[in-house]
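The next block is coords.pdb, given as PDB, C-alpha atoms, pLDDT in the B column.
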```pdb
MODEL        1
ATOM      1  CA  LEU A 206       0.134   9.835   2.231  1.00 58.00           C
ATOM      2  CA  ALA A 207      -3.299   8.236   2.250  1.00 63.00           C
ATOM      3  CA  ILE A 208      -1.676   4.937   3.283  1.00 62.00           C
ATOM      4  CA  LYS A 209       0.197   6.687   6.111  1.00 64.00           C
ATOM      5  CA  TYR A 210      -2.958   8.382   7.399  1.00 68.00           C
ATOM      6  CA  HIS A 211      -4.925   5.125   7.253  1.00 65.00           C
ATOM      7  CA  LEU A 212      -2.118   3.182   8.935  1.00 64.00           C
ATOM      8  CA  THR A 213      -1.462   5.704  11.675  1.00 65.00           C
ATOM      9  CA  ARG A 214      -5.150   6.071  12.517  1.00 68.00           C
ATOM     10  CA  ASN A 215      -5.794   2.323  12.593  1.00 65.00           C
ATOM     11  CA  LEU A 216      -2.564   1.144  14.217  1.00 64.00           C
ATOM     12  CA  THR A 217      -2.332   3.575  17.095  1.00 60.00           C
ATOM     13  CA  ASP A 218      -5.941   3.160  18.213  1.00 63.00           C
ATOM     14  CA  GLY A 219      -5.649   1.813  21.759  1.00 55.00           C
ATOM     15  CA  ILE A 220      -1.844   1.523  21.604  1.00 58.00           C
ATOM     16  CA  GLN A 221       0.731   3.882  23.071  1.00 56.00           C
ATOM     17  CA  ASP A 222       2.190   6.023  20.280  1.00 58.00           C
ATOM     18  CA  LYS A 223       5.762   5.313  21.383  1.00 72.00           C
ATOM     19  CA  ASP A 224       5.334   1.594  20.619  1.00 79.00           C
ATOM     20  CA  ILE A 225       4.470   2.099  16.927  1.00 81.00           C
ATOM     21  CA  GLU A 226       5.940   4.608  14.489  1.00 82.00           C
ATOM     22  CA  VAL A 227       4.750   5.095  10.903  1.00 79.00           C
ATOM     23  CA  ASN A 228       6.840   6.961   8.313  1.00 79.00           C
ATOM     24  CA  VAL A 229       6.468   7.434   4.575  1.00 77.00           C
ATOM     25  CA  GLU A 230       9.422   8.113   2.288  1.00 78.00           C
ATOM     26  CA  LYS A 231       8.446   8.562  -1.350  1.00 73.00           C
ATOM     27  CA  THR A 232       6.540   5.357  -2.230  1.00 74.00           C
ATOM     28  CA  VAL A 233       7.602   3.285   0.804  1.00 82.00           C
ATOM     29  CA  VAL A 234       5.779   2.995   4.150  1.00 82.00           C
ATOM     30  CA  PHE A 235       7.856   2.090   7.237  1.00 87.00           C
ATOM     31  CA  ILE A 236       6.121   0.763  10.352  1.00 88.00           C
ATOM     32  CA  SER A 237       8.423   0.304  13.325  1.00 91.00           C
ATOM     33  CA  ILE A 238       7.070  -1.703  16.262  1.00 91.00           C
ATOM     34  CA  SER A 239       8.907  -1.989  19.571  1.00 90.00           C
ATOM     35  CA  ASP A 240       9.893  -5.516  20.542  1.00 90.00           C
ATOM     36  CA  LYS A 241       8.073  -5.322  23.881  1.00 89.00           C
ATOM     37  CA  LEU A 242       4.787  -5.149  21.976  1.00 90.00           C
ATOM     38  CA  LEU A 243       5.565  -8.285  19.944  1.00 94.00           C
ATOM     39  CA  PHE A 244       7.976 -10.534  21.878  1.00 94.00           C
ATOM     40  CA  LYS A 245       9.261 -11.383  25.335  1.00 90.00           C
ATOM     41  CA  SER A 246      12.958 -10.693  25.873  1.00 87.00           C
ATOM     42  CA  GLY A 247      15.222 -13.062  23.926  1.00 90.00           C
ATOM     43  CA  SER A 248      12.240 -14.840  22.345  1.00 93.00           C
ATOM     44  CA  TYR A 249      10.810 -15.097  18.856  1.00 96.00           C
ATOM     45  CA  ASN A 250       7.415 -16.369  20.027  1.00 96.00           C
ATOM     46  CA  VAL A 251       4.819 -13.671  19.374  1.00 96.00           C
ATOM     47  CA  THR A 252       2.854 -12.486  22.422  1.00 93.00           C
ATOM     48  CA  GLU A 253      -0.942 -12.559  22.521  1.00 90.00           C
ATOM     49  CA  ASN A 254      -1.003  -8.734  22.610  1.00 85.00           C
ATOM     50  CA  ALA A 255       0.752  -8.628  19.230  1.00 90.00           C
ATOM     51  CA  TYR A 256      -2.168 -10.186  17.370  1.00 93.00           C
ATOM     52  CA  THR A 257      -4.271  -7.003  17.654  1.00 88.00           C
ATOM     53  CA  VAL A 258      -1.527  -4.944  16.002  1.00 88.00           C
ATOM     54  CA  LEU A 259      -0.772  -7.594  13.372  1.00 93.00           C
ATOM     55  CA  ASP A 260      -4.465  -7.837  12.498  1.00 91.00           C
ATOM     56  CA  LYS A 261      -4.560  -4.088  11.851  1.00 86.00           C
ATOM     57  CA  ILE A 262      -1.363  -4.244   9.785  1.00 88.00           C
ATOM     58  CA  ALA A 263      -2.694  -7.197   7.767  1.00 92.00           C
ATOM     59  CA  LYS A 264      -5.862  -5.266   6.884  1.00 87.00           C
ATOM     60  CA  VAL A 265      -3.801  -2.346   5.592  1.00 82.00           C
ATOM     61  CA  ILE A 266      -1.501  -4.710   3.654  1.00 87.00           C
ATOM     62  CA  LYS A 267      -4.456  -6.453   2.042  1.00 90.00           C
ATOM     63  CA  ASP A 268      -5.863  -3.053   1.021  1.00 83.00           C
ATOM     64  CA  GLN A 269      -2.652  -2.527  -1.018  1.00 82.00           C
ATOM     65  CA  PRO A 270      -2.531  -5.697  -3.179  1.00 87.00           C
ATOM     66  CA  LYS A 271       0.108  -4.323  -5.557  1.00 85.00           C
ATOM     67  CA  MET A 272       2.648  -3.768  -2.785  1.00 88.00           C
ATOM     68  CA  GLU A 273       5.208  -6.141  -1.261  1.00 92.00           C
ATOM     69  CA  VAL A 274       5.896  -6.331   2.453  1.00 95.00           C
ATOM     70  CA  MET A 275       9.298  -6.806   4.062  1.00 97.00           C
ATOM     71  CA  ILE A 276       9.436  -7.746   7.729  1.00 98.00           C
ATOM     72  CA  GLU A 277      12.787  -6.836   9.305  1.00 97.00           C
ATOM     73  CA  GLY A 278      13.871  -8.039  12.740  1.00 97.00           C
ATOM     74  CA  HIS A 279      16.316  -5.832  14.673  1.00 97.00           C
ATOM     75  CA  THR A 280      18.106  -6.555  17.967  1.00 96.00           C
ATOM     76  CA  ASP A 281      20.291  -4.629  20.371  1.00 96.00           C
ATOM     77  CA  ALA A 282      24.006  -5.460  20.635  1.00 96.00           C
ATOM     78  CA  THR A 283      23.744  -7.656  23.735  1.00 96.00           C
ATOM     79  CA  PRO A 284      24.939 -11.115  22.649  1.00 96.00           C
ATOM     80  CA  ILE A 285      22.466 -13.979  22.895  1.00 95.00           C
ATOM     81  CA  LYS A 286      23.101 -17.700  22.633  1.00 94.00           C
ATOM     82  CA  ASN A 287      21.122 -20.667  23.887  1.00 94.00           C
ATOM     83  CA  ASP A 288      20.050 -24.119  22.707  1.00 94.00           C
ATOM     84  CA  ILE A 289      17.705 -22.628  20.084  1.00 94.00           C
ATOM     85  CA  ILE A 290      19.137 -19.196  19.227  1.00 96.00           C
ATOM     86  CA  GLN A 291      22.706 -19.063  17.932  1.00 96.00           C
ATOM     87  CA  ASP A 292      23.218 -15.266  17.999  1.00 97.00           C
ATOM     88  CA  ASN A 293      21.535 -11.904  17.274  1.00 97.00           C
ATOM     89  CA  TRP A 294      21.393 -12.675  13.534  1.00 97.00           C
ATOM     90  CA  ASP A 295      19.471 -15.814  14.350  1.00 97.00           C
ATOM     91  CA  LEU A 296      17.094 -14.028  16.755  1.00 97.00           C
ATOM     92  CA  SER A 297      16.370 -11.197  14.310  1.00 98.00           C
ATOM     93  CA  THR A 298      15.587 -13.573  11.422  1.00 98.00           C
ATOM     94  CA  LYS A 299      13.477 -15.869  13.625  1.00 98.00           C
ATOM     95  CA  ARG A 300      11.441 -12.861  14.779  1.00 97.00           C
ATOM     96  CA  ALA A 301      10.895 -11.670  11.209  1.00 98.00           C
ATOM     97  CA  THR A 302       9.896 -15.185  10.161  1.00 98.00           C
ATOM     98  CA  SER A 303       7.467 -15.490  13.088  1.00 97.00           C
ATOM     99  CA  ILE A 304       5.671 -12.287  12.051  1.00 98.00           C
ATOM    100  CA  THR A 305       5.702 -13.384   8.396  1.00 98.00           C
ATOM    101  CA  ARG A 306       4.127 -16.736   9.235  1.00 98.00           C
ATOM    102  CA  ILE A 307       1.376 -15.111  11.304  1.00 97.00           C
ATOM    103  CA  LEU A 308       0.542 -12.604   8.554  1.00 98.00           C
ATOM    104  CA  GLN A 309       0.305 -15.530   6.120  1.00 98.00           C
ATOM    105  CA  SER A 310      -1.454 -18.184   8.180  1.00 97.00           C
ATOM    106  CA  LYS A 311      -3.663 -16.241  10.587  1.00 97.00           C
ATOM    107  CA  PHE A 312      -4.413 -13.118   8.524  1.00 97.00           C
ATOM    108  CA  ALA A 313      -4.309 -14.550   4.967  1.00 97.00           C
ATOM    109  CA  VAL A 314      -1.695 -12.226   3.497  1.00 97.00           C
ATOM    110  CA  ALA A 315      -0.424 -13.837   0.275  1.00 96.00           C
ATOM    111  CA  PRO A 316       2.993 -15.378   0.983  1.00 97.00           C
ATOM    112  CA  SER A 317       4.268 -14.281  -2.426  1.00 95.00           C
ATOM    113  CA  ARG A 318       4.065 -10.686  -1.143  1.00 95.00           C
ATOM    114  CA  LEU A 319       6.065 -11.302   2.043  1.00 97.00           C
ATOM    115  CA  ILE A 320       9.826 -11.043   2.621  1.00 97.00           C
ATOM    116  CA  ALA A 321      11.433 -11.982   5.972  1.00 98.00           C
ATOM    117  CA  ALA A 322      14.766 -10.348   6.814  1.00 98.00           C
ATOM    118  CA  GLY A 323      17.014 -10.141   9.858  1.00 97.00           C
ATOM    119  CA  ARG A 324      19.297  -7.164  10.504  1.00 98.00           C
ATOM    120  CA  SER A 325      20.727  -8.267  13.877  1.00 97.00           C
ATOM    121  CA  SER A 326      22.211  -5.289  15.769  1.00 97.00           C
ATOM    122  CA  TYR A 327      23.821  -3.668  12.732  1.00 97.00           C
ATOM    123  CA  VAL A 328      21.253  -0.930  12.002  1.00 96.00           C
ATOM    124  CA  PRO A 329      20.782   0.664  15.429  1.00 97.00           C
ATOM    125  CA  LEU A 330      18.634   3.733  16.033  1.00 95.00           C
ATOM    126  CA  ALA A 331      20.752   4.693  19.048  1.00 96.00           C
ATOM    127  CA  PRO A 332      24.062   3.681  20.625  1.00 97.00           C
ATOM    128  CA  ASN A 333      23.737   0.418  22.574  1.00 96.00           C
ATOM    129  CA  ASP A 334      25.050   2.095  25.739  1.00 97.00           C
ATOM    130  CA  THR A 335      21.972   2.375  27.991  1.00 97.00           C
ATOM    131  CA  PRO A 336      18.906   0.221  28.658  1.00 95.00           C
ATOM    132  CA  ALA A 337      16.682   2.906  27.078  1.00 94.00           C
ATOM    133  CA  ASN A 338      18.790   3.009  23.901  1.00 95.00           C
ATOM    134  CA  LYS A 339      18.939  -0.782  23.690  1.00 95.00           C
ATOM    135  CA  SER A 340      15.145  -0.822  23.932  1.00 92.00           C
ATOM    136  CA  LYS A 341      14.925   1.552  20.935  1.00 92.00           C
ATOM    137  CA  ASN A 342      17.101  -0.804  18.882  1.00 95.00           C
ATOM    138  CA  ARG A 343      14.988  -3.896  19.594  1.00 95.00           C
ATOM    139  CA  ARG A 344      12.220  -3.565  17.035  1.00 96.00           C
ATOM    140  CA  THR A 345      10.483  -5.096  14.060  1.00 96.00           C
ATOM    141  CA  LYS A 346      10.074  -3.006  10.937  1.00 96.00           C
ATOM    142  CA  ILE A 347       7.308  -3.716   8.476  1.00 95.00           C
ATOM    143  CA  ILE A 348       8.072  -2.063   5.158  1.00 94.00           C
ATOM    144  CA  ILE A 349       5.347  -1.748   2.540  1.00 89.00           C
ATOM    145  CA  LEU A 350       6.944  -1.099  -0.833  1.00 87.00           C
ATOM    146  CA  PRO A 351       6.135  -1.277  -4.531  1.00 79.00           C
ATOM    147  CA  LYS A 352       6.976  -4.530  -6.248  1.00 71.00           C
ATOM    148  CA  ILE A 353      10.348  -4.286  -7.958  1.00 61.00           C
ATOM    149  CA  GLY A 354       8.762  -4.147 -11.450  1.00 60.00           C
ATOM    150  CA  GLN A 355       6.465  -1.300 -10.390  1.00 56.00           C
ATOM    151  CA  PHE A 356       9.391   0.531  -8.820  1.00 52.00           C
ATOM    152  CA  PHE A 357      11.362   0.419 -12.075  1.00 56.00           C
ATOM    153  CA  GLU A 358       8.266   1.527 -14.007  1.00 61.00           C
ATOM    154  CA  MET A 359       8.002   4.572 -11.725  1.00 53.00           C
ATOM    155  CA  LEU A 360      11.670   5.384 -12.317  1.00 57.00           C
ATOM    156  CA  GLU A 361      11.235   5.100 -16.088  1.00 65.00           C
ATOM    157  CA  THR A 362       8.169   7.335 -16.013  1.00 64.00           C
ATOM    158  CA  LYS A 363      10.072  10.001 -14.062  1.00 59.00           C
ATOM    159  CA  ALA A 364      12.996   9.777 -16.498  1.00 62.00           C
ATOM    160  CA  GLU A 365      10.797  10.439 -19.538  1.00 61.00           C
TER     161      GLU A 365
ENDMDL
END
```
Step by step, read the file and then write its structure as structure tokens.
Amino acid sequence: LAIKYHLTRNLTDGIQDKDIEVNVEKTVVFISISDKLLFKSGSYNVTENAYTVLDKIAKVIKDQPKMEVMIEGHTDATPIKNDIIQDNWDLSTKRATSITRILQSKFAVAPSRLIAAGRSSYVPLAPNDTPANKSKNRRTKIIILPKIGQFFEMLETKAE
């Protein structure tokens, strides 16, 4: 809960609340960031505005050195294909990798703590039937979670 309070207070300062959502479930923190804050449509190049948010996230991540961080890219169901991007799987993984690289290179988050993952359009928050719903589905999730060994230790402690 302390992580959630710290994250919410720091991340939403100067940013519209609807663009960033922070949730905590047991020992895992989920930060969902709308794509319009991070990327231009159909692109995996991070916008200049995104650096402020990523800086704040990096500070929180570095304050939790025993946690791992998974960056998940999500798209809507509108197909995409061009010379660089093969499909929505490709776009979602390229977006996750872009964020991962920035956290590592610009904000000095240890790469051994980072996991890049693409989910394409297969974990929607809403049906892909309206522009507003499609916008909800285009997001990047940053998940701060215990390292696998710590997670199993917690389970063993609860079992005893």
Do you know which residues the PyMOL selection byres ((chain A and resi 299-304) around 12) returns on this file, as a PyMOL selection string?
chain A and resi 238+240+243-252+255-256+258-260+262-263+274-280+289-298+305-312+314+316+319-325+343-348
Just how far from atom CA of A:Pro351 is atom CA of A:Ala313, in Å to one decimal?
19.4 Å
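You will find atom CA of A:Glu226 at 16.8 Å from atom CA of A:Lys339.
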What is the distance between atom CA of A:Ser326 and atom CA of A:Glu253, in Å to one decimal?
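If I compute the distance from atom CA of A:Ser326 to atom CA of A:Glu253, I get 25.2 Å.
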Selected residue of minimal separation from A:Leu350 among A:Glu230, A:Asp334, A:Asp288, A:Asp281, counting all atoms listed in the file:
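Looking at the shortest contact to A:Leu350, the residue is A:Glu230.
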Nearest candidate to A:Leu330 (options A:Ser237, A:Asn287, A:Asn254, A:Ser317; using all atoms listed in the file)
A:Ser237
Between A:Ala282, A:Lys231, A:Lys271, A:Ala315, smallest distance to A:Thr335 by all atoms listed in the file belongs to A:Ala282
